[in-house]
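Enquirer: Structure incoming, see below.
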Amino acid sequence: MEDLNFQHQVRARADGTRQRAIVGVVASGNLEVLVERSLPDAECVVDIKTAATGFGAVWSAVIGDFVERYSPGGLKFSINDGGARPDTVSLRLAQAVRLIAEAGQ
Amino acid sequence: MTSWQNNRAARDARVAAGAGIARGKVVEAHDVTRLLEAVIRPGDRVCLEGDNQKQADLLSRALLAVDLSKVNDLHMVQSGVVLPEHLDLFDRGVAKRLDYAYSGPQSARIARMLFGGKIELGAVHTYLELFARYFIDLTPHVALIAAVSADREGNLYTGPNTEDTPTVVEATAFKDGVVIAQVNEIVDTVPRVDIPADRVHFIVKANKPFFVEPLFTRDPAAITEGQILTAMLAIKGVYAPYGVQRLNHGIGFSTAAIELLLPTFGERLGLKGTIASHFALNPHPALIPAIESGWVRQIHSFGSEVGMDDYIRARSDVYFTGSDGSLRSNRAFCQTAGLYACDMFIGSTLQIDLQGNSSTVTTSRIAGFGGAPNMGADARGRRHPSEPWLKAGAEADPDGSALMRRGRKLVVQIGETFGDKNVPLFVEKLDAIELAEKLKLDLAPVMIYGDDVTHIITEEGVANLLLCRTAQEREQAIRGVAGYTDVGRRRDYGMVSRLRERGVIRRPEDLGINPLDADRSLLAARSIKDLVRWSGGLYAPPSKFRNW
């Protein structure tokens with residue numbers, strides 16, 4: 001197990017009004033992402049609990065690209081990772097942003 | 001006086017020695033080891049039919065039990081080293097030397113035995129290459145083959161898994177060798193004659209049917225969103241622009257995803273009739289929805305697949321079938337078809353290096369090549385034009401004279417940047433090189449050479465290597481689709497972005513594909529049960545794929 005934390009300054013607030021959303025499942029090779037709209041508009045935080053150790057540099061690259069591409073301002077992501085591949089991580093993060101961008105609570 | 005018929009006389013003597021154990025051509029199962037001791041001589045080249053799927057398992061066990069003072073130091077020449085007994089022969093000293101093509105389930109043990117010096121290795125071949133050598137310098141003295149049934153004269157019915165048998169028998173029987181067949185049953189009349197009786201010297205009725213492994217069944221339930229995304233990129237980024245109609249698919253999940261996207265994603269793109277109509281391919285269950293939706297015109301097969309028999313019978317417009325209605329496969333012909341008559345090979349691999357060389361060898365496993373190098377190679381002897389072949393040739397050499405320019409086969413490697421257990425697909429140096437150094441081989445076992453690869457597709461995008469003009473561009477094009485692997489993260493970002501502007505690299509968004517649309521709902525079948533439903537109940541999956 002390894003805990004990782006990434007904090008980014010973001011240029012724009014994430015779309016939508018929904019307060020929280022969950023995508024994915026905790027399973028081998030998969031991950032669960034909880035996203036909450038709980039931060040100031042210019043901040044983004046990603047907390048990761050992962051079953052695999054020693055992939056910090058890869059996580060840093062994946063999260064960096066994700067923040068650059070989707071500008072998820074105001075969002076806090078909590079990830080429970082079962083050793084997912086980086087492309088699966090990118091996909092789940094993108095799905096989480098899409099889900100919380102919907103109208104709703 | 002010189003005799004010119006020594007080999008024939010030797011063959012006749014072997015057959016005569018065996019005849020004492022047989023009634024006519026029929027030998028009882030419990031007498032087979034005695035038969036082999038009578039017929040086989042020390043140091044013989046023996047083909048023990050181990051195909052990709054079908055195994056002469058009774059004959060393997062019988063050979064393993066021979067008296068070592070009578071039979072030893074054999075030179076095994078067989079395409080598949082698949083059963084444990086195939087390697088036990090070497091442990092016991094029945095056999096010494098090996099020439100083969102594929103060792104799937106035995107890949108770890110064969111590596112250990114090669115390191116331990118238990119096996120004297122001739123070479124690891126492609127199927128076609130080994131078959132070719134059967135006729136030149138590896139002609140078997142004795143062939144031990146498998147068929148479904150025989151009549152009392154020795155006519156053989158191989159059933160849908162004809163596979164290598166005609167090739168093995170041709171080389172053995174017509175060059176003074178002895179052919180011994182194990183059959184599931186002896187009948188008055190065989191359903192069709194796959195091997196004529198005058199090429200068969202002895203038949204043995206096995207007490208249970210020969211072993212066949214379902215190698216080509218991929219459960220749609222296990223297909224991931226990443227594989228769906230790469231499949232979408234393949235269809236829109238390669239199949240569509242080249243108009244690929246004649247092709248071969250590998251056996252991985254990425255190509256199964258393509259098969260299952262044709263009737264959905266492919267249909268929506270309006271591609272039906274313009275791509276994926278003629279295949280050199282085993283009867284993949286995953287192709288059933290595309291066949292049922294009218295995409296596929298014709299399929300020729302290397303072997304068969306467990307559970308597909310009734311479906312194939314009912315779809316003879318698509319498959320090759322005999323007078324009895326069942327599939328006729330033939331590995332040598334289908335490999336030739338894949339090499340010369342297909343415009344594209346697309347398949348997965350375990351490692352790709354910076355030149356695009358790919359290998360399925362790791363330092364602890366020697367899986368062999370099977371057919372992929374024949375499918376995944378430009379056929380230098382090809383002379384007939386086709387649109388995809390000419391277009392690929394023009395991309396590789398835009399300034400060449402159209403009338404003198406060779407076309408190019410599309411050789412596409414598809415996969416996710418990280419494989420099982422997060423092992424990277426892209427590496428700086430292939431494990432195959434380390435293995436070759438350790439084993440002192442003359443050649444590293446490379447599955448597909450980089451200069452034959454035209455495209456690499458990952459979830460990050462499509463790299464078109466035909467458009468690369470220098471080794472450096474090629475390396476950066478590969479790094480540019482290598483995702484978050486070490487190879488991918490060490491890319492030259494400026495050069496990769498220029499390659500993208502030129503269309504050498506195309507990202508999902510460049511192809512109008514949103515990764516968020518890569519959803520399992522796009523699969524025409526999402527389970528084995530869905531495939532059964534598509535087949536109208538004709539597909540009968542083996543029990544390990546049933547969960548209902």
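Numbering starts fresh at 1 for the residues of each chain in the structure tokens, the chains themselves are lettered A, B, ... in the order given, and ligands are numbered from 1 as they appear.
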Using only C-alpha atoms, determine which residues of chain B fall within 12 Å of chain A; present them as a ChimeraX atom specification.

Expert: /B:222,224-230,415-425,458-461,481-490,514-519

Enquirer: Contacts of range 2-16 of chain A at 6 Å or less, counting only C-alpha atoms, minus same-chain residues fewer than 4 places along, as a PyMOL selection string?

Expert: chain A and resi 41-50+53+71-74+101-103

Enquirer: DSSP on the backbone, strand (DSSP E) only: what residues of range 124-262 of chain B does that give? Format it as a VMD selection string.

Expert: chain B and resid 124 142 to 150 156 to 157 178 to 186 202 to 205 211 to 212 246 to 249

Enquirer: Using C-alpha atoms, can you export the residues from the last selection as a PDB file, in the first residue's frame?

Expert:
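Result written to again.pdb:
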```
ATOM      1  CA  VAL B 124      12.393 -22.060 -33.508  1.00  0.00           C
ATOM      2  CA  VAL B 142       8.022 -41.468 -38.973  1.00  0.00           C
ATOM      3  CA  ALA B 143       4.884 -39.361 -38.517  1.00  0.00           C
ATOM      4  CA  LEU B 144       2.559 -39.955 -35.572  1.00  0.00           C
ATOM      5  CA  ILE B 145      -0.683 -38.182 -36.387  1.00  0.00           C
ATOM      6  CA  ALA B 146      -4.234 -37.716 -35.067  1.00  0.00           C
ATOM      7  CA  ALA B 147      -7.589 -38.042 -36.844  1.00  0.00           C
ATOM      8  CA  VAL B 148     -11.235 -38.361 -35.882  1.00  0.00           C
ATOM      9  CA  SER B 149     -11.941 -41.642 -37.657  1.00  0.00           C
ATOM     10  CA  ALA B 150     -10.501 -44.229 -40.026  1.00  0.00           C
ATOM     11  CA  LEU B 156      -8.708 -40.884 -42.501  1.00  0.00           C
ATOM     12  CA  TYR B 157     -11.298 -38.282 -41.572  1.00  0.00           C
ATOM     13  CA  VAL B 178       6.000 -44.427 -42.045  1.00  0.00           C
ATOM     14  CA  VAL B 179       2.665 -42.862 -41.051  1.00  0.00           C
ATOM     15  CA  ILE B 180       0.875 -43.994 -37.886  1.00  0.00           C
ATOM     16  CA  ALA B 181      -2.494 -42.479 -37.013  1.00  0.00           C
ATOM     17  CA  GLN B 182      -4.418 -42.457 -33.761  1.00  0.00           C
ATOM     18  CA  VAL B 183      -8.165 -42.189 -34.356  1.00  0.00           C
ATOM     19  CA  ASN B 184     -11.145 -41.748 -32.087  1.00  0.00           C
ATOM     20  CA  GLU B 185     -13.028 -44.509 -33.881  1.00  0.00           C
ATOM     21  CA  ILE B 186     -12.799 -47.051 -36.662  1.00  0.00           C
ATOM     22  CA  PHE B 202      -0.977 -48.149 -39.208  1.00  0.00           C
ATOM     23  CA  ILE B 203      -4.063 -46.992 -37.331  1.00  0.00           C
ATOM     24  CA  VAL B 204      -4.714 -47.152 -33.611  1.00  0.00           C
ATOM     25  CA  LYS B 205      -8.076 -46.669 -31.969  1.00  0.00           C
ATOM     26  CA  PHE B 211      -7.135 -33.517 -27.031  1.00  0.00           C
ATOM     27  CA  VAL B 212      -8.126 -30.191 -28.569  1.00  0.00           C
ATOM     28  CA  ARG B 246      -8.689  -9.035 -46.730  1.00  0.00           C
ATOM     29  CA  LEU B 247      -7.040  -9.621 -43.387  1.00  0.00           C
ATOM     30  CA  ASN B 248      -5.928 -11.772 -40.492  1.00  0.00           C
ATOM     31  CA  HIS B 249      -6.601 -11.061 -36.835  1.00  0.00           C
TER      32      HIS B 249
END
```

Enquirer: Give me, as JSON, numbers by chain, the residues of chain A that a backbone DSSP run labels alpha helix (DSSP H).

Expert: {"A": [56, 57, 58, 59, 60, 61, 62, 63, 64, 65, 66, 67, 68, 69, 70, 86, 87, 88, 89, 90, 91, 92, 93, 94, 95, 96, 97, 98, 99, 100]}
